[in-house]
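Structure file data_30.csv (CSV, C-alpha atoms) is printed below.
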```csv
chain,number,residue,atom,x,y,z
A,1,THR,CA,0.0,0.0,0.0
A,2,ILE,CA,1.0,3.7,0.0
A,3,LEU,CA,2.4,5.6,3.1
A,4,LYS,CA,0.2,8.7,2.6
A,5,ASP,CA,1.4,10.7,5.6
A,6,ILE,CA,3.2,10.5,9.0
A,7,THR,CA,1.4,12.2,11.9
A,8,PHE,CA,2.3,12.3,15.5
A,9,GLN,CA,0.5,11.1,18.7
A,10,VAL,CA,1.4,12.4,22.2
A,11,GLY,CA,1.1,9.9,25.0
A,12,ARG,CA,0.4,10.5,28.7
A,13,THR,CA,4.1,10.6,29.5
A,14,GLY,CA,4.7,13.2,26.8
A,15,VAL,CA,6.4,10.7,24.4
A,16,ILE,CA,5.7,11.8,20.8
A,17,THR,CA,5.1,8.7,18.5
A,18,PRO,CA,5.1,8.9,14.7
A,19,MET,CA,2.0,7.2,13.2
A,20,ALA,CA,1.8,6.0,9.6
A,21,ILE,CA,-1.4,7.0,7.7
A,22,LEU,CA,-1.9,4.4,5.0
A,23,GLU,CA,-4.0,4.0,1.9
A,24,PRO,CA,-6.5,1.4,3.4
A,25,VAL,CA,-5.4,-2.2,2.7
A,26,LYS,CA,-6.8,-5.6,3.8
A,27,VAL,CA,-4.3,-7.6,5.9
A,28,ALA,CA,-5.2,-11.0,7.4
A,29,GLY,CA,-8.9,-10.2,7.4
A,30,SER,CA,-9.0,-6.6,8.5
A,31,THR,CA,-8.6,-3.2,6.9
A,32,ILE,CA,-5.5,-1.3,8.0
A,33,SER,CA,-5.4,2.5,7.5
A,34,LYS,CA,-2.8,3.4,10.1
A,35,THR,CA,-0.1,1.9,12.4
A,36,THR,CA,2.6,3.0,14.8
A,37,LEU,CA,6.1,3.8,13.6
A,38,HIS,CA,7.4,3.5,17.2
A,39,ASN,CA,10.1,6.2,17.2
A,40,GLU,CA,12.5,8.3,15.1
A,41,ASP,CA,15.1,5.6,14.8
A,42,PHE,CA,12.6,3.0,13.5
A,43,VAL,CA,11.6,5.3,10.6
A,44,LYS,CA,15.2,6.2,9.7
A,45,GLU,CA,16.5,2.7,9.9
A,46,LYS,CA,13.8,1.6,7.4
A,47,ASP,CA,14.3,4.8,5.4
A,48,LEU,CA,10.6,5.4,5.2
A,49,ARG,CA,9.3,8.4,3.2
A,50,ILE,CA,5.9,10.0,2.8
A,51,GLY,CA,4.5,8.7,-0.5
A,52,ASP,CA,6.5,5.4,-0.5
A,53,LYS,CA,4.9,2.2,-1.6
A,54,VAL,CA,5.3,-0.1,1.5
A,55,ILE,CA,4.8,-3.7,2.5
A,56,ILE,CA,2.5,-4.3,5.5
A,57,GLN,CA,2.2,-7.4,7.7
A,58,LYS,CA,0.6,-8.3,11.0
A,59,ALA,CA,3.2,-9.0,13.7
A,60,GLY,CA,2.0,-12.1,15.5
A,61,ASP,CA,-1.1,-12.0,13.3
A,62,VAL,CA,-2.4,-9.1,15.4
A,63,ILE,CA,-0.5,-5.8,15.2
A,64,PRO,CA,0.0,-4.2,11.8
A,65,GLU,CA,3.5,-3.0,11.0
A,66,ILE,CA,5.5,-1.7,8.0
A,67,VAL,CA,8.1,-4.2,6.9
A,68,GLU,CA,9.9,-2.1,4.3
A,69,ALA,CA,9.6,0.5,1.7
A,70,ILE,CA,9.8,-0.6,-2.0
A,71,LYS,CA,12.6,1.8,-2.9
A,72,SER,CA,12.8,0.7,-6.5
A,73,GLU,CA,9.3,2.3,-7.1
A,74,ARG,CA,10.3,5.7,-5.8
A,75,THR,CA,9.5,8.6,-8.2
A,76,GLY,CA,11.5,11.4,-6.4
A,77,GLU,CA,8.3,13.0,-5.2
A,78,GLU,CA,8.5,11.3,-1.8
A,79,LYS,CA,9.1,13.4,1.3
A,80,GLU,CA,11.7,12.7,3.9
A,81,PHE,CA,10.5,12.2,7.5
A,82,GLU,CA,11.4,14.6,10.3
A,83,MET,CA,10.4,14.5,14.0
A,84,PRO,CA,8.8,17.7,15.3
A,85,THR,CA,10.8,20.1,17.4
A,86,ILE,CA,7.6,21.4,19.0
A,87,CYS,CA,4.8,19.3,20.5
A,88,PRO,CA,1.8,19.0,18.1
A,89,GLU,CA,-0.6,19.1,21.0
A,90,CYS,CA,0.5,22.2,22.9
A,91,GLY,CA,3.4,23.9,21.1
A,92,ALA,CA,6.0,23.4,23.8
A,93,ASP,CA,9.5,22.3,22.9
A,94,ALA,CA,9.9,18.6,22.0
A,95,VAL,CA,13.3,17.2,22.9
A,96,ARG,CA,15.2,14.0,22.5
A,97,GLU,CA,17.7,13.4,25.4
A,98,VAL,CA,21.1,11.9,24.8
A,99,GLY,CA,20.9,8.1,24.9
A,100,GLU,CA,17.1,7.9,24.5
A,101,VAL,CA,15.0,6.9,21.5
A,102,ALA,CA,12.0,8.9,22.5
A,103,VAL,CA,11.2,12.5,21.7
A,104,ARG,CA,9.2,14.1,24.5
A,105,CYS,CA,7.0,17.1,25.0
A,106,THR,CA,8.4,19.4,27.8
A,107,GLY,CA,5.1,21.3,28.4
A,108,ILE,CA,3.7,20.8,31.9
A,109,GLU,CA,0.1,21.7,30.8
A,110,CYS,CA,0.1,19.7,27.5
A,111,PRO,CA,-3.5,18.4,27.2
A,112,ALA,CA,-2.2,14.9,26.3
A,113,LYS,CA,-0.2,14.8,29.6
A,114,LEU,CA,-2.6,16.6,31.8
A,115,TYR,CA,-4.3,13.7,33.6
A,116,ARG,CA,-1.0,12.1,34.5
A,117,ASN,CA,0.6,15.4,35.6
A,118,LEU,CA,-2.4,16.2,37.8
A,119,VAL,CA,-2.2,12.8,39.5
A,120,HIS,CA,1.4,13.3,40.2
A,121,PHE,CA,1.0,16.9,41.4
A,122,VAL,CA,-1.5,15.9,44.1
A,123,SER,CA,0.2,12.7,45.1
A,124,ARG,CA,1.5,12.0,48.6
A,125,GLU,CA,5.1,12.6,47.9
A,126,ALA,CA,4.3,15.8,46.0
A,127,MET,CA,1.6,18.3,47.2
A,128,ASN,CA,-0.2,15.6,49.2
A,129,ILE,CA,-3.8,16.7,48.5
A,130,ASP,CA,-5.9,14.1,50.3
A,131,GLY,CA,-9.2,13.3,48.6
A,132,LEU,CA,-8.1,14.3,45.1
A,133,GLY,CA,-7.5,10.9,43.8
A,134,GLU,CA,-7.4,9.5,40.2
A,135,ASN,CA,-11.1,9.0,40.1
A,136,ILE,CA,-12.0,12.5,41.2
A,137,ILE,CA,-9.4,14.0,38.9
A,138,GLY,CA,-11.0,12.1,36.0
A,139,ILE,CA,-14.4,13.4,36.9
A,140,LEU,CA,-13.2,17.0,37.2
A,141,LEU,CA,-11.6,16.8,33.7
A,142,GLU,CA,-14.6,15.1,32.2
A,143,LYS,CA,-16.9,17.9,33.6
A,144,ASN,CA,-14.4,20.6,32.4
A,145,MET,CA,-14.1,21.8,36.0
A,146,ILE,CA,-10.3,21.9,35.6
A,147,SER,CA,-8.2,22.3,32.5
A,148,ASN,CA,-4.7,22.7,34.1
A,149,ILE,CA,-2.9,22.2,37.4
A,150,ALA,CA,-3.5,25.7,38.8
A,151,ASP,CA,-7.3,25.3,38.4
A,152,ILE,CA,-7.1,23.0,41.5
A,153,TYR,CA,-6.7,26.1,43.6
A,154,ASP,CA,-9.8,27.7,42.0
A,155,LEU,CA,-12.2,24.9,42.9
A,156,LYS,CA,-15.3,26.0,44.9
A,157,PHE,CA,-17.1,24.1,47.7
A,158,GLU,CA,-20.4,24.1,45.8
A,159,ASP,CA,-18.8,22.6,42.7
A,160,LEU,CA,-17.1,19.8,44.6
A,161,ALA,CA,-20.2,19.1,46.8
A,162,SER,CA,-22.2,18.3,43.6
A,163,LEU,CA,-19.9,15.4,42.7
A,164,LYS,CA,-21.2,13.1,45.4
A,165,LYS,CA,-24.7,12.4,46.9
A,166,SER,CA,-23.6,13.4,50.4
A,167,GLY,CA,-21.0,15.7,49.1
A,168,ASN,CA,-20.7,18.5,51.8
A,169,LYS,CA,-18.3,16.7,54.0
A,170,PHE,CA,-16.2,15.4,51.0
A,171,ALA,CA,-16.1,19.0,49.6
A,172,GLN,CA,-15.1,20.6,52.9
A,173,ASN,CA,-12.4,18.0,53.5
A,174,LEU,CA,-11.0,18.5,50.0
A,175,ILE,CA,-11.1,22.3,50.2
A,176,ASP,CA,-9.2,22.1,53.5
A,177,SER,CA,-6.6,19.7,52.0
A,178,ILE,CA,-6.1,22.0,49.0
A,179,ASN,CA,-5.7,25.0,51.3
A,180,THR,CA,-3.3,23.1,53.6
A,181,SER,CA,-1.2,22.2,50.5
A,182,LYS,CA,-0.5,25.9,49.9
A,183,LYS,CA,1.8,25.9,53.0
A,184,ASN,CA,3.9,22.9,51.8
A,185,GLU,CA,7.7,23.0,51.9
A,186,LEU,CA,9.4,24.1,48.7
A,187,HIS,CA,10.7,20.7,47.9
A,188,ARG,CA,7.2,19.3,47.7
A,189,LEU,CA,6.3,21.9,45.0
A,190,ILE,CA,9.5,21.1,43.1
A,191,THR,CA,8.7,17.4,43.2
A,192,ALA,CA,5.1,18.1,42.2
A,193,LEU,CA,6.1,20.0,39.1
A,194,GLY,CA,7.3,16.6,37.7
A,195,ILE,CA,10.6,17.9,36.2
A,196,ARG,CA,12.1,15.0,34.3
A,197,HIS,CA,14.9,13.2,36.3
A,198,VAL,CA,14.1,15.3,39.5
A,199,GLY,CA,12.8,13.1,42.3
A,200,VAL,CA,12.2,13.8,46.0
A,201,LYS,CA,15.8,13.6,47.0
A,202,ALA,CA,17.0,16.0,44.3
A,203,ALA,CA,14.1,18.3,45.0
A,204,LYS,CA,15.1,18.7,48.6
A,205,ILE,CA,18.7,19.4,47.6
A,206,LEU,CA,17.6,22.0,45.0
A,207,ALA,CA,15.2,23.7,47.6
A,208,ARG,CA,18.1,24.0,50.1
A,209,LYS,CA,20.5,25.4,47.4
A,210,PHE,CA,18.3,27.9,45.6
A,211,LYS,CA,15.9,28.9,48.4
A,212,ASN,CA,12.9,29.8,46.2
A,213,ILE,CA,11.3,28.8,42.9
A,214,ASP,CA,12.5,32.0,41.1
A,215,ASN,CA,16.1,31.3,41.9
A,216,LEU,CA,15.8,27.8,40.6
A,217,SER,CA,14.0,28.9,37.5
A,218,LYS,CA,16.9,31.3,36.6
A,219,ALA,CA,19.7,28.9,37.5
A,220,THR,CA,22.4,28.4,34.9
A,221,SER,CA,23.7,25.0,33.7
A,222,THR,CA,27.0,25.7,35.6
A,223,GLU,CA,25.2,26.6,38.8
A,224,LEU,CA,22.9,23.5,38.6
A,225,SER,CA,25.8,21.1,37.7
A,226,GLN,CA,27.6,22.1,40.9
A,227,VAL,CA,24.7,20.7,43.0
A,228,ASP,CA,24.9,17.2,44.4
A,229,GLU,CA,22.5,14.8,42.5
A,230,VAL,CA,22.4,17.1,39.5
A,231,GLY,CA,24.6,16.2,36.5
A,232,PRO,CA,24.5,17.7,33.0
A,233,ILE,CA,21.4,15.8,31.9
A,234,VAL,CA,19.4,16.8,35.0
A,235,ALA,CA,20.6,20.4,34.7
A,236,ASN,CA,19.5,20.5,31.1
A,237,SER,CA,16.1,19.0,31.9
A,238,ILE,CA,15.5,21.7,34.6
A,239,ILE,CA,16.5,24.5,32.3
A,240,GLU,CA,14.3,23.2,29.5
A,241,PHE,CA,11.4,22.9,31.9
A,242,PHE,CA,11.6,26.5,33.3
A,243,ASN,CA,12.1,28.0,29.8
A,244,GLN,CA,8.6,26.9,28.7
A,245,ASP,CA,5.9,29.6,28.7
A,246,GLN,CA,3.5,27.0,30.2
A,247,THR,CA,5.8,26.6,33.2
A,248,LYS,CA,6.1,30.4,33.8
A,249,ASP,CA,2.4,30.9,33.5
A,250,LEU,CA,1.7,28.0,36.0
A,251,ILE,CA,4.2,29.3,38.6
A,252,GLU,CA,2.6,32.8,38.4
A,253,ARG,CA,-0.8,31.3,38.9
A,254,LEU,CA,0.3,29.2,41.8
A,255,LYS,CA,1.9,32.3,43.5
A,256,ARG,CA,-1.4,34.2,43.0
A,257,ALA,CA,-3.3,31.3,44.6
A,258,GLY,CA,-1.0,31.6,47.7
A,259,VAL,CA,1.1,28.4,47.2
A,260,ASN,CA,4.4,28.7,49.0
A,261,THR,CA,7.4,29.0,46.6
A,262,THR,CA,10.1,29.6,49.2
A,263,GLU,CA,12.1,27.3,51.4
A,264,THR,CA,10.9,27.3,55.0
A,265,GLU,CA,12.8,26.3,58.2
A,266,ALA,CA,10.9,23.0,58.1
A,267,GLU,CA,12.8,21.8,55.0
A,268,ASP,CA,14.9,18.7,55.6
```
Serialized structure, structure tokens:
Amino acid sequence: TILKDITFQVGRTGVITPMAILEPVKVAGSTISKTTLHNEDFVKEKDLRIGDKVIIQKAGDVIPEIVEAIKSERTGEEKEFEMPTICPECGADAVREVGEVAVRCTGIECPAKLYRNLVHFVSREAMNIDGLGENIIGILLEKNMISNIADIYDLKFEDLASLKKSGNKFAQNLIDSINTSKKNELHRLITALGIRHVGVKAAKILARKFKNIDNLSKATSTELSQVDEVGPIVANSIIEFFNQDQTKDLIERLKRAGVNTTETEAED
């Protein structure tokens, strides 16, 4: 069949996967019109180009895959493949780290990543918002009551109370938990932001070193690389994260909501 186009799908972890759009063809009893191309290396190793005539098979008689392009039938009109440098969902930078095959979106508020980012943000090791579990987050997104992380701090009692039959106690407990989270130590916020390669231990070290979120967001690669637990890859990940407009907007909204962004004496 013909490889008509290559589009891109953004997963919940931010991984951007190339997808083959095919001229529909019957393979082993079903019509195939698209299939995954896995990653950038897969496409380049097979030297696939948009417009190629390609051979399709079902791996294990289940998953359709492109076996190869029929290069002898190329006309010169085929287009070479390129991975995007910006996320097709949200426009944030898309990066491929050294030693990895995946290209990832770096935007914290990318719609494709939002559910996973919210679940991480409220988790026990992060902002620890009790009562805001995966199920409730799913309902809030479904009802368009939140569309980004900062919206958590705009939730109203009456909106939350409507989510359960006897919702008043649930709503009050959740509002109390959200308000309590505003006083969290800085390392919890750094953890909650989900910066790639930055876990709880590194977040505590960064909080002690930089004292507030603004200092951390402006830190240079040299300054970051001098910190224990932070090598060049982690330093680059932190810089990429704070360079995104989505991150800057989120931090400003969290500040306006009263979320602590400074190290307190309780940090350990």
Report, in Å with one decimal, the straight-line distance from CA of Glu240 (chain A) to CA of Val101 (chain A).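 One can read the CA of Glu240 (chain A) to CA of Val101 (chain A) distance as 18.2 Å.
Minimum distance to Leu163 (chain A) across A:Glu73, A:Glu142, A:Asp41, A:Glu100 (counting only C-alpha atoms) occurs at A:Glu142.
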Separation of CA of Glu223 (chain A) from CA of Lys255 (chain A), in Å and rounded to one decimal: 24.4 Å
Which residues come within 7 Å of Asn212 (chain A), counting all atoms listed in the file, excluding same-chain residues fewer than 3 positions away, as number ranges by chain? A: 207, 215-216, 261-263
Could you check the closest approach to Glu65 (chain A) for each of A:Ile190, A:Cys87, A:Ile21, A:Ala102 and tell me which residue wins, using all atoms listed in the file?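 Checking each of A:Ile190, A:Cys87, A:Ile21, A:Ala102 against Glu65 (chain A), counting all atoms listed in the file, the winner is A:Ile21.
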Looking at A:Leu48, A:Leu206, A:Leu193, A:Lys34, which one is nearest to Ser225 (chain A), with distances taken over all atoms listed in the file?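 Nearest to Ser225 (chain A): A:Leu206.
The closest residue to Val43 (chain A), picked from A:Gly29, A:Gly258, A:Pro18, A:Pro24 and counting all atoms listed in the file, is A:Pro18.
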How far is it from CA of Asp151 (chain A) to CA of Cys90 (chain A), in Å with one decimal?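 Taking CA of Asp151 (chain A) and CA of Cys90 (chain A), their separation equals 17.6 Å.
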Do a neighbour search on Val25 (chain A) at 9 Å with all atoms listed in the file, toss out local chain neighbours closer than 5 positions, and write the hits as a list in words.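 Once the adjacent positions are removed, what remains is Thr1, Ser30, Thr31, Ile32, Ser33 and Ile56 of chain A.
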Which neighbours of Lys53 (chain A) fall inside 8 Å, counting only C-alpha atoms, when residues of the same chain fewer than 5 positions from it are skipped, and could you give them as a list in words?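 Skipping anything fewer than 5 positions along the chain leaves Thr1, Ile2, Leu3, Ala69, Ile70, Lys71, Glu73 and Arg74 of chain A.
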Generate a file of the selected residues that holds C-alpha atoms, formatted as a PDB file, in the coordinates of the input.
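again_33.pdb, written as the output of this step:
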```pdb
ATOM      1  CA  THR A   1       0.000   0.000   0.000  1.00  0.00           C
ATOM      2  CA  ILE A   2       1.000   3.700   0.000  1.00  0.00           C
ATOM      3  CA  LEU A   3       2.400   5.600   3.100  1.00  0.00           C
ATOM      4  CA  ALA A  69       9.600   0.500   1.700  1.00  0.00           C
ATOM      5  CA  ILE A  70       9.800  -0.600  -2.000  1.00  0.00           C
ATOM      6  CA  LYS A  71      12.600   1.800  -2.900  1.00  0.00           C
ATOM      7  CA  GLU A  73       9.300   2.300  -7.100  1.00  0.00           C
ATOM      8  CA  ARG A  74      10.300   5.700  -5.800  1.00  0.00           C
TER       9      ARG A  74
END
```
